[in-house]
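Working notes, beginning with the structure itself.
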Amino acid sequence: MEASKVIHAIYTDDDVLMLAVKKVKAEKHHIEEIYTPFPVHGLDKAMGLAPTRLAITAFLYGCIGITVATVMMNYIMIQDWPQDIGGKPSFSYLENMPAFVPIMFELTVFFAAHLMVITFYLRSRMWPFKKAENPDPRTTDDHFLMEIAIHDNEASLAALLKETGAVEINIIDKEDAH
Amino acid sequence: MEYKISNRLKLGAIILMVLGSLGVGYGFWDSHQVKDVNDVKELLASESHHGDDHASEGHGEEHAEAHADSASHSNDAHADTAHSDHDVEEHKMSHEEHVLHQIHNRPWSAMYVAAFFFFMIALGVLAFYAIQFAAQAGWSPVLFRVMEGITAYVLPGGLIVLAIAFASGTIGHFNIFIWMDPDVVAHDELIQGKESWLNLTWFTIRGLIFIAGWATYRHFSRKFSIAQDNADINDNTNFKKHFRISAAFLVFYIYTESMMSWDWIMSVDPHWFSTLFGWYVFASMFVSGITVIAMITIYLKSKGLLEFVNDSHIHDLAKFMFGISIFWTYLWFSQFMLIWYSNIPEEVTYFVTRIEDYNLPFFGMVAMNFLFPLLLLMNSDYKRIPWFVVMAGVVILCGHYLDVFNMIMPATVGDRWFIGIPEIGSILLFGGLFLLVVFTALGKYPLLAKGNPYIKESENFHY
């Protein structure tokens with residue numbers, strides 16, 4: 001575990017932040033993390049983050065949802081207690097399918113939405129009563145914070161960040177590395 | 001950025017129209033080869049010789065259903081148990097006559113379906129365009145000239161549809177709308193009850209009012225859009241006027257579009273009605289319109305004429321294609337499920353004919369309009385690949401042609417449908433005219449609406 005010293009550059013505008021990110025990336029510095037009060041579109045691309053795989057999980061969860069709905073209703077409405085649906089007592093899932101479509105749709109959405117949110121929280125290491133990792137409470141209000149690790153280049157990095165429009169630059173000793 | 005319709009495109013469109021006219025002409029000539037009931041008897045006999053079960057015994061039953069649907073005879077209107085023998089006799093006799101009508105109806109209906117299909121694309125784009133202005137959308141102004149080009153077809157397209165409908169009730173033998181036939185109305189109490197709305201004069205006047213309203217908006221929106229280009233940079237009065245008429249138009253549009261769909265489509269089955277039909281037709285025209293915007297944009301971009309249109313604009317159009325396809329499915333299913341579930345005879349007959357006689361186009365259309373766009377356009381990256389969007393667009397357009405086909409044909413030609421020379425000829429005829437009108441209009445002004453106050457935002461739009 002290397003001695004971790006990081007620099008915190010604070011910005012007050014998302015457009016300035018975006019330009020700063022592009023400049024810092026152009027200078028080949030690695031940005032550890034950026035804390036923003038709201039989602040900034042295009043920031044992930046500018047930082048060079050890998051595309052999210054959350055969409056793939058959402059698709060899979062949707063597939064699980066529609067399967068659960070089908071199996072469940074087939075059991076409830078056709079197998080366990082056969083129902084005469086709409087005056088058409090065919091007792092076949094397929095022939096009664098139109099009646100089941102709304103539920104199949106709803107459970108698809110339900111599973112996709114809830115499991116996706118849970119996945120997102122787990123992947124972001126967030127759970128109830130967890131202490132916030134946020135280094136500066138102002139980033140929950142109207143400030144943007146960029147965190148860059150320092151490797152004996154404190155002065156040049158600080159100068160670069162100042163140039164990109166940072167309103168405040170702090171050097172932080174990070175004791176614990178996760 | 002300047003575009004002029006190329007001679008090759010013009011020639012191509014004219015060739016399509018000529019070929020199409022030949023096809024339509026052949027359709028009329030061919031249908032009139034079957035002149036009277038005796039010809040039909042011969043035809044049916046030869047069909048049953050070919051081992052076609054349709055023409056033999058089973059036909060009577062199916063035919064009765066088609067009858068109930070198209071209601072060309074009064075018998076079924078009174079769902080009495082007291083169907084006298086005499087009635088049945090008459091029914092049997094009229095079977096050949098009925099088939100004769102269906103054969104004569106086919107070229108008319110084929111023309112009507114194709115004419116309506118291309119017209120609805122233009123009208124859908126007009127609504128989309130008005131929404132962009134009413135919402136003051138920032139992403140789309142780079143596409144405005146493409147949309148204005150497509151909406152040039154609203155006036156000619158609308159007049160053609162109305163003219164075909166009118167001609168079918170005057171020159172023709174009530175080939176599309178049976179309520180235009182005084183003989184049918186005289187024996188049909190249900191249509192008599194609707195006569196104050198469904199009569200040829202009022203139908204035509206209504207149609208003209210609708211078309212006049214849409215064409216007026218289209219005229220002034222184009223005028224203000226051009227005027228805004230030439231105005232001073234600080235002068236946004238034209239834009240403001242444009243905003244106001246767009247909002248007003250949308251109110252007019254949503255009422256008239258709904259009434260138009262009752263008049264021009266739903267009334268082919270004058271006994272049947274659905275309260276969400278207007279929305280259903282709207283979804284169809286909206287998604288077809290957006291698809292055509294995407295296709296023409298990609299075409300012009302491939303010619304290097306729309307450099308200011310970037311991936312994100314294509315991505316947004318593809319998102320709309322995806323989203324509105326699902327919206328269409330939602331309405332299609334809402335209409336289908338309630339009628340299927342309740343199973344009320346006079347309502348469900350509409351879907352019974354479609355599932356029995358139109359099984360392939362009916363379910364094929366759902367696959368093309370729902371499953372294909374859903375699976376093809378779900379992935380975010382695919383929405384930015386032009387050829388992918390075009391391929392999905394082709395499937396969507398074919399699907400929505402089938403949608404209109406399924407709305408008109410069961411009422412006019414019953415189970416004697418086919419997508420053959422009359423249908424394809426009509427598509428070529430109106431497709432050629434559509435291309436000619438749209439691309440001529442595109443060539444009249446620069447392709448960038450440079451005066452629009454949101455143009456800079458639109459050029460820099462990124463997702």
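Chain labels run A, B, ... following the order of the structure tokens; each chain numbers its residues from 1, and ligands are numbered from 1 in the order shown.
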
For Met337 in chain B, list every protein, DNA or RNA residue within 12 Å, evaluated using only C-alpha atoms, and leave out those in the same chain fewer than 2 positions away; present the list as a PyMOL selection string. (chain A and resi 86+96-102) or (chain B and resi 329-335+339-343+347-348+351)

Using only C-alpha atoms, find each residue of chain A with at least one atom at most 12 Å away from an atom of chain B; report its shortest atom-to-atom pair and that distance in Å (one decimal), sort the rows by chain and rising residue number, and return the result as a Markdown table.
```
| residue | atom | partner | partner_atom | distance |
| --- | --- | --- | --- | --- |
| A:Val40 | CA | B:Tyr463 | CA | 11.1 |
| A:His41 | CA | B:Tyr463 | CA | 7.3 |
| A:Gly42 | CA | B:Tyr463 | CA | 7.2 |
| A:Leu43 | CA | B:Tyr463 | CA | 10.9 |
| A:Asp44 | CA | B:Tyr463 | CA | 11.8 |
| A:Lys45 | CA | B:Tyr463 | CA | 10.6 |
| A:Pro51 | CA | B:Asp381 | CA | 11.1 |
| A:Thr52 | CA | B:Ser380 | CA | 11.7 |
| A:Arg53 | CA | B:Asn379 | CA | 11.9 |
| A:Ala55 | CA | B:Asn379 | CA | 8.9 |
| A:Ile56 | CA | B:Asn379 | CA | 9.4 |
| A:Ala58 | CA | B:Met378 | CA | 11.8 |
| A:Phe59 | CA | B:Met378 | CA | 9.7 |
| A:Asp84 | CA | B:Tyr341 | CA | 11.4 |
| A:Ile85 | CA | B:Tyr341 | CA | 8.0 |
| A:Gly86 | CA | B:Tyr341 | CA | 5.2 |
| A:Gly87 | CA | B:Asn343 | CA | 8.0 |
| A:Lys88 | CA | B:Tyr341 | CA | 8.7 |
| A:Pro89 | CA | B:Tyr341 | CA | 12.0 |
| A:Glu95 | CA | B:Trp340 | CA | 11.1 |
| A:Asn96 | CA | B:Tyr341 | CA | 9.2 |
| A:Met97 | CA | B:Met337 | CA | 9.8 |
| A:Pro98 | CA | B:Met337 | CA | 6.0 |
| A:Ala99 | CA | B:Met337 | CA | 7.0 |
| A:Phe100 | CA | B:Met337 | CA | 10.0 |
| A:Val101 | CA | B:Phe333 | CA | 9.1 |
| A:Pro102 | CA | B:Ser334 | CA | 9.7 |
| A:Phe105 | CA | B:Tyr330 | CA | 10.7 |
```

Could you write out the selected residues, including N, CA and C atoms, as a JSON list (two decimals), in the first residue's frame?
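Writing done, so here's out_21.json:
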```json
[["chain", "number", "residue", "atom", "x", "y", "z"],
["A", 40, "VAL", "N", -23.74, 14.52, -14.19],
["A", 40, "VAL", "CA", -23.27, 15.39, -15.27],
["A", 40, "VAL", "C", -23.14, 14.52, -16.52],
["A", 41, "HIS", "N", -23.92, 14.86, -17.56],
["A", 41, "HIS", "CA", -23.92, 14.03, -18.77],
["A", 41, "HIS", "C", -22.58, 14.10, -19.49],
["A", 42, "GLY", "N", -22.08, 12.96, -19.87],
["A", 42, "GLY", "CA", -20.84, 12.91, -20.63],
["A", 42, "GLY", "C", -19.60, 12.84, -19.77],
["A", 43, "LEU", "N", -19.79, 12.97, -18.44],
["A", 43, "LEU", "CA", -18.64, 12.97, -17.54],
["A", 43, "LEU", "C", -17.93, 11.61, -17.56],
["A", 44, "ASP", "N", -18.71, 10.53, -17.60],
["A", 44, "ASP", "CA", -18.10, 9.19, -17.61],
["A", 44, "ASP", "C", -17.24, 8.99, -18.84],
["A", 45, "LYS", "N", -17.74, 9.49, -19.98],
["A", 45, "LYS", "CA", -16.96, 9.34, -21.21],
["A", 45, "LYS", "C", -15.69, 10.17, -21.13],
["A", 51, "PRO", "N", -17.87, 1.54, -20.02],
["A", 51, "PRO", "CA", -19.33, 1.67, -20.07],
["A", 51, "PRO", "C", -20.01, 0.79, -19.02],
["A", 52, "THR", "N", -21.12, 1.28, -18.53],
["A", 52, "THR", "CA", -21.81, 0.54, -17.46],
["A", 52, "THR", "C", -22.41, -0.77, -17.99],
["A", 53, "ARG", "N", -22.41, -1.78, -17.14],
["A", 53, "ARG", "CA", -23.03, -3.05, -17.51],
["A", 53, "ARG", "C", -24.39, -3.21, -16.87],
["A", 55, "ALA", "N", -27.16, -2.00, -17.79],
["A", 55, "ALA", "CA", -28.23, -2.27, -18.78],
["A", 55, "ALA", "C", -28.36, -3.76, -19.04],
["A", 56, "ILE", "N", -27.23, -4.46, -19.07],
["A", 56, "ILE", "CA", -27.28, -5.91, -19.32],
["A", 56, "ILE", "C", -27.97, -6.61, -18.17],
["A", 58, "ALA", "N", -30.14, -5.30, -16.26],
["A", 58, "ALA", "CA", -31.56, -4.96, -16.32],
["A", 58, "ALA", "C", -32.29, -5.91, -17.27],
["A", 59, "PHE", "N", -31.67, -6.19, -18.41],
["A", 59, "PHE", "CA", -32.30, -7.10, -19.38],
["A", 59, "PHE", "C", -32.49, -8.48, -18.75],
["A", 84, "ASP", "N", -62.01, -20.29, -15.41],
["A", 84, "ASP", "CA", -62.67, -20.00, -16.68],
["A", 84, "ASP", "C", -62.45, -18.51, -16.95],
["A", 85, "ILE", "N", -61.59, -18.21, -17.89],
["A", 85, "ILE", "CA", -61.21, -16.82, -18.10],
["A", 85, "ILE", "C", -61.99, -16.21, -19.25],
["A", 86, "GLY", "N", -62.75, -15.17, -18.95],
["A", 86, "GLY", "CA", -63.50, -14.44, -19.96],
["A", 86, "GLY", "C", -64.52, -15.32, -20.67],
["A", 87, "GLY", "N", -65.08, -16.30, -19.97],
["A", 87, "GLY", "CA", -66.08, -17.16, -20.60],
["A", 87, "GLY", "C", -65.51, -18.09, -21.64],
["A", 88, "LYS", "N", -64.18, -18.29, -21.60],
["A", 88, "LYS", "CA", -63.55, -19.18, -22.58],
["A", 88, "LYS", "C", -62.78, -20.26, -21.82],
["A", 89, "PRO", "N", -63.48, -21.28, -21.35],
["A", 89, "PRO", "CA", -62.83, -22.26, -20.47],
["A", 89, "PRO", "C", -61.90, -23.21, -21.23],
["A", 95, "GLU", "N", -53.75, -20.02, -24.78],
["A", 95, "GLU", "CA", -54.99, -19.46, -25.31],
["A", 95, "GLU", "C", -55.52, -18.33, -24.45],
["A", 96, "ASN", "N", -55.15, -18.33, -23.17],
["A", 96, "ASN", "CA", -55.61, -17.27, -22.29],
["A", 96, "ASN", "C", -54.56, -16.17, -22.13],
["A", 97, "MET", "N", -53.53, -16.24, -22.92],
["A", 97, "MET", "CA", -52.39, -15.35, -22.74],
["A", 97, "MET", "C", -52.75, -13.87, -22.70],
["A", 98, "PRO", "N", -53.63, -13.37, -23.60],
["A", 98, "PRO", "CA", -53.91, -11.94, -23.56],
["A", 98, "PRO", "C", -54.28, -11.44, -22.15],
["A", 99, "ALA", "N", -55.02, -12.27, -21.40],
["A", 99, "ALA", "CA", -55.42, -11.84, -20.07],
["A", 99, "ALA", "C", -54.23, -11.73, -19.14],
["A", 100, "PHE", "N", -53.16, -12.46, -19.44],
["A", 100, "PHE", "CA", -52.00, -12.47, -18.53],
["A", 100, "PHE", "C", -50.94, -11.45, -18.91],
["A", 101, "VAL", "N", -51.07, -10.90, -20.11],
["A", 101, "VAL", "CA", -50.03, -9.97, -20.59],
["A", 101, "VAL", "C", -49.77, -8.80, -19.64],
["A", 102, "PRO", "N", -50.82, -8.13, -19.12],
["A", 102, "PRO", "CA", -50.52, -7.00, -18.23],
["A", 102, "PRO", "C", -49.67, -7.41, -17.04],
["A", 105, "PHE", "N", -46.12, -8.10, -18.12],
["A", 105, "PHE", "CA", -45.43, -6.83, -18.34],
["A", 105, "PHE", "C", -45.04, -6.19, -17.00]]
```

How many Å separate CA of Gln102 in chain B from CA of Gly414 in chain B?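 We find that CA of Gln102 in chain B and CA of Gly414 in chain B lie 6.8 Å from each other.
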
Set the distance at 10 Å and use only C-alpha atoms: which residues neighbour Leu160 in chain A once local chain neighbours fewer than 6 positions away are removed? I'd like the list as a list in words. Ala20, Lys23, Val24, Glu27 and Ala166 of chain A

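Distances to Ser458 in chain B were evaluated for B:Asp316, B:Asp30, B:Asp381, B:Glu423 using only C-alpha atoms, and the minimum falls at B:Asp316.
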
Would you pick out the contacts of Gly393 in chain B at 9 Å or less, using only C-alpha atoms, so that residues sharing its chain but fewer than 3 positions from it are not included, and give the list as an mmCIF file with C-alpha atoms, in the first residue's frame?
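Output (selection.cif):
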```
data_model
loop_
_atom_site.group_PDB
_atom_site.id
_atom_site.type_symbol
_atom_site.label_atom_id
_atom_site.label_comp_id
_atom_site.auth_asym_id
_atom_site.auth_seq_id
_atom_site.Cartn_x
_atom_site.Cartn_y
_atom_site.Cartn_z
ATOM 1 C CA SER B 288 -44.158 5.839 -39.449
ATOM 2 C CA THR B 291 -39.121 6.505 -39.147
ATOM 3 C CA VAL B 292 -39.275 8.367 -42.442
ATOM 4 C CA ALA B 294 -34.758 9.150 -39.724
ATOM 5 C CA MET B 295 -34.443 7.467 -43.114
ATOM 6 C CA ALA B 318 -34.127 5.841 -33.158
ATOM 7 C CA MET B 321 -38.883 4.835 -33.233
ATOM 8 C CA PRO B 373 -38.098 -2.766 -33.141
ATOM 9 C CA PHE B 388 -29.149 -0.595 -38.595
ATOM 10 C CA VAL B 389 -31.671 2.203 -38.126
ATOM 11 C CA VAL B 390 -32.596 2.030 -41.825
ATOM 12 C CA ILE B 396 -41.459 -0.764 -39.240
ATOM 13 C CA LEU B 397 -42.789 0.841 -42.427
ATOM 14 C CA CYS B 398 -43.793 -2.520 -43.930
#
```

Run DSSP on the backbone of this structure and report the residues of range 2-172 of chain A it assigns to strand (DSSP E), as JSON, numbers by chain. {"A": [4, 5, 6, 7, 8, 9, 10, 11, 31, 32, 33, 34, 35, 144, 145, 146, 147, 148, 149, 168, 169, 170, 171, 172]}

Please provide as a ChimeraX atom specification all residues within 10 Å of Lys22 in chain A, with the sequence filter that same-chain residues fewer than 6 positions apart are discarded (counting only C-alpha atoms). /A:28,43,45-48,164

Would you mind exporting N, CA and C atoms of the selected residues as a PDB file, in the first residue's frame?
```
ATOM      1  N   LYS A  28      -2.549  13.382 -19.204  1.00  0.00           N
ATOM      2  CA  LYS A  28      -2.278  12.002 -18.791  1.00  0.00           C
ATOM      3  C   LYS A  28      -2.214  11.798 -17.276  1.00  0.00           C
ATOM      4  N   LEU A  43     -19.794  12.967 -18.436  1.00  0.00           N
ATOM      5  CA  LEU A  43     -18.637  12.966 -17.542  1.00  0.00           C
ATOM      6  C   LEU A  43     -17.926  11.613 -17.565  1.00  0.00           C
ATOM      7  N   LYS A  45     -17.741   9.494 -19.976  1.00  0.00           N
ATOM      8  CA  LYS A  45     -16.962   9.342 -21.207  1.00  0.00           C
ATOM      9  C   LYS A  45     -15.693  10.169 -21.127  1.00  0.00           C
ATOM     10  N   ALA A  46     -15.823  11.410 -20.626  1.00  0.00           N
ATOM     11  CA  ALA A  46     -14.656  12.294 -20.542  1.00  0.00           C
ATOM     12  C   ALA A  46     -13.607  11.701 -19.604  1.00  0.00           C
ATOM     13  N   MET A  47     -14.051  11.047 -18.521  1.00  0.00           N
ATOM     14  CA  MET A  47     -13.106  10.451 -17.562  1.00  0.00           C
ATOM     15  C   MET A  47     -12.508   9.152 -18.089  1.00  0.00           C
ATOM     16  N   GLY A  48     -13.095   8.630 -19.144  1.00  0.00           N
ATOM     17  CA  GLY A  48     -12.599   7.373 -19.706  1.00  0.00           C
ATOM     18  C   GLY A  48     -13.028   6.162 -18.896  1.00  0.00           C
ATOM     19  N   THR A 164      -7.217  25.268 -14.732  1.00  0.00           N
ATOM     20  CA  THR A 164      -8.480  24.799 -15.312  1.00  0.00           C
ATOM     21  C   THR A 164      -9.701  25.430 -14.644  1.00  0.00           C
TER      22      THR A 164
END
```

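Separating CA of Leu305 in chain B from CA of Ala441 in chain B is a distance of 15.2 Å.
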
Kindly indicate which residue among B:Met260, B:Val142, B:Val287, B:Ile178 lies nearest to Phe461 in chain B, using only C-alpha atoms for the distances.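 Looking at the shortest contact to Phe461 in chain B, the residue is B:Val142.
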
Have a look at CA of Thr57 in chain A and CA of Phe110 in chain A and let me know their distance in Å, one decimal.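 Spanning CA of Thr57 in chain A to CA of Phe110 in chain A is a straight-line distance of 13.6 Å.
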